[in-house]
Amino acid sequence: MISIVVATGNKGKVKEIAAALAALPVEVLALDKFPAIPEAEENGDTFAANAVLKATHYALHTGMPCLADDSGLEVDALNGAPGVYSARYAGPGATDEACNAKLLAALADVPQNERTARFRCVLAYVDPDGALLTAEGTCEGTILREPRGTGGFGYDPLFLLPGAAKTMAEMTIEEKNAVSHRGQALRNMATTLARYIHENRRA
Ligand SMILES: O=c1nc[nH]c2c1ncn2[C@H]1C[C@H](O)[C@@H](COP(=O)(O)OP(=O)(O)OP(=O)(O)O)O1
Ligand SMILES: [Mg+2]
């Protein structure tokens, strides 16, 4: 059993990551176990830069393997905004409700067939030996005109998966992980991590 710190302050992410790793011999520690560690400053220009910055920050402070997630929503009609600024779209420390309201206002005049968007997730894993691994996932969808569903977090109630005819907030965690950017990135990370362990095992 190895212990991994899930280096995120977002409880929705912790739940999804813990559910995805539940079948593996991995103990997931959330950041509430490390209350003294200062928050990482997310000043990167890309999801990858921010994911690496967060994983490195928490690995240095905990001395343990850390898995960080940087993710966000790219809306085509907004030229990819809010993108890396998704969490701060309605200002520093904005609530999910405020960000969703701002998104609906920005898209008020955009017709249904132009409301395409995608979630992106980059995961970064950093361990005390200095290993740095990254993995990505994306999920295509469209932005509704009003929220639907009570599950998930963030922009989930506005994000429709046309194939499933459900928003991400109308899915169970398992259903969401099966299709989401984060679920995809977690499966890619599991493959990458398994290869890394295989290549670095002692003969
Ligand atoms: O599955 C998702 N369902 C809905 N919304 C999502 C999802 N994935 C990311 N998002 C949105 C929420 C937030 O506005 C931003 C993430 O910002 P991001 O900085 O990566 O996360 P965060 O600040 O909440 O926690 P932390 O940095 O501690 O991991 O994208
Ligand atoms: Mg953040």
# chains A, B, ... in the order shown; residues from 1 in each chain; ligands from 1
>>> residues_near_ligand(ligand="ligand 2", cutoff="10 Å", atoms="only C-alpha atoms and all ligand atoms", output="list in words")
Thr8, Gly9, Asn10, Glu39, Ala40, Glu41, Glu42, Asn43, Asn50, Ala51, Lys54, Ala68, Asp69, Asp70, Ser71, Gly72, Val84, Tyr85, Ser86, Ala87, Arg88 and Gly93 of chain A
>>> select_by_dssp(residues="chain A", states="helix (DSSP H, G or I)", output="count of residues only")
86
>>> select_by_dssp(residues="range 2-193 of chain A", states="strand (DSSP E or B)", output="ChimeraX atom specification")
/A:2-6,26-30,66-75,82,116-126,132-143,159-161,166-167
>>> residues_around(residues="Leu31 in chain A", least_positions_apart="5", cutoff="12 Å", atoms="only C-alpha atoms", output="PDB file with C-alpha atoms, in the first residue's frame")
ATOM      1  CA  ILE A   4      -0.464   9.531  -2.153  1.00  0.00           C
ATOM      2  CA  VAL A   5      -1.375  13.085  -1.226  1.00  0.00           C
ATOM      3  CA  VAL A   6      -4.172  14.387  -3.437  1.00  0.00           C
ATOM      4  CA  ALA A   7      -2.869  17.942  -3.568  1.00  0.00           C
ATOM      5  CA  THR A   8      -6.054  19.934  -4.161  1.00  0.00           C
ATOM      6  CA  GLY A   9      -8.207  22.184  -2.042  1.00  0.00           C
ATOM      7  CA  ASN A  10     -11.277  21.190  -4.093  1.00  0.00           C
ATOM      8  CA  LYS A  11     -13.409  18.569  -2.297  1.00  0.00           C
ATOM      9  CA  LYS A  13     -11.892  16.716  -7.142  1.00  0.00           C
ATOM     10  CA  VAL A  14     -10.821  14.717  -4.050  1.00  0.00           C
ATOM     11  CA  ALA A  36       0.038  23.959   8.094  1.00  0.00           C
ATOM     12  CA  ILE A  37       1.057  23.931   4.426  1.00  0.00           C
ATOM     13  CA  PRO A  38       0.513  27.278   2.683  1.00  0.00           C
ATOM     14  CA  GLU A  39      -1.591  27.226  -0.495  1.00  0.00           C
ATOM     15  CA  ALA A  40       0.290  27.015  -3.809  1.00  0.00           C
ATOM     16  CA  LYS A  54       0.936  22.508  -7.339  1.00  0.00           C
ATOM     17  CA  ALA A  55       2.307  18.938  -7.247  1.00  0.00           C
ATOM     18  CA  TYR A  58       3.016  19.972  -1.952  1.00  0.00           C
ATOM     19  CA  ALA A  59       5.695  17.291  -2.541  1.00  0.00           C
ATOM     20  CA  HIS A  61       6.177  20.405   1.912  1.00  0.00           C
ATOM     21  CA  THR A  62       5.036  16.820   2.650  1.00  0.00           C
ATOM     22  CA  MET A  64       5.370  12.365   0.029  1.00  0.00           C
ATOM     23  CA  CYS A  66       1.687  14.153  -4.527  1.00  0.00           C
ATOM     24  CA  LEU A  67      -0.935  14.184  -7.276  1.00  0.00           C
ATOM     25  CA  ALA A  68      -2.248  17.615  -8.349  1.00  0.00           C
TER      26      ALA A  68
END
>>> closest_residue(among="A:Ala194, A:Ala90, A:Leu78, A:Leu73", to="Leu158 in chain A", atoms="only C-alpha atoms")
A:Leu73
>>> atom_distance(atom1="CA of Glu175 in chain A", atom2="atom 26 (P, counted along the ligand's line) of ligand 1")
22.0 Å
>>> closest_residue(among="A:Asp96, A:Glu27, A:Asp129, A:Asp76", to="ligand 1", atoms="only C-alpha atoms and all ligand atoms")
A:Asp96
>>> closest_residue(among="A:Met189, A:Val122, A:Val28, A:Ala77", to="ligand 1", atoms="only C-alpha atoms and all ligand atoms")
A:Val122
>>> closest_residue(among="A:Val110, A:Ala165, A:Ala185, A:Ile197", to="ligand 1", atoms="only C-alpha atoms and all ligand atoms")
A:Ala185
>>> closest_residue(among="A:Leu133, A:Leu144, A:Ala48, A:Ala190", to="ligand 1", atoms="only C-alpha atoms and all ligand atoms")
A:Ala48
>>> atom_distance(atom1="CA of Cys99 in chain A", atom2="CA of Gly151 in chain A")
16.6 Å
>>> atom_distance(atom1="CA of Glu97 in chain A", atom2="atom 19 (O, counted along the ligand's line) of ligand 1")
15.8 Å
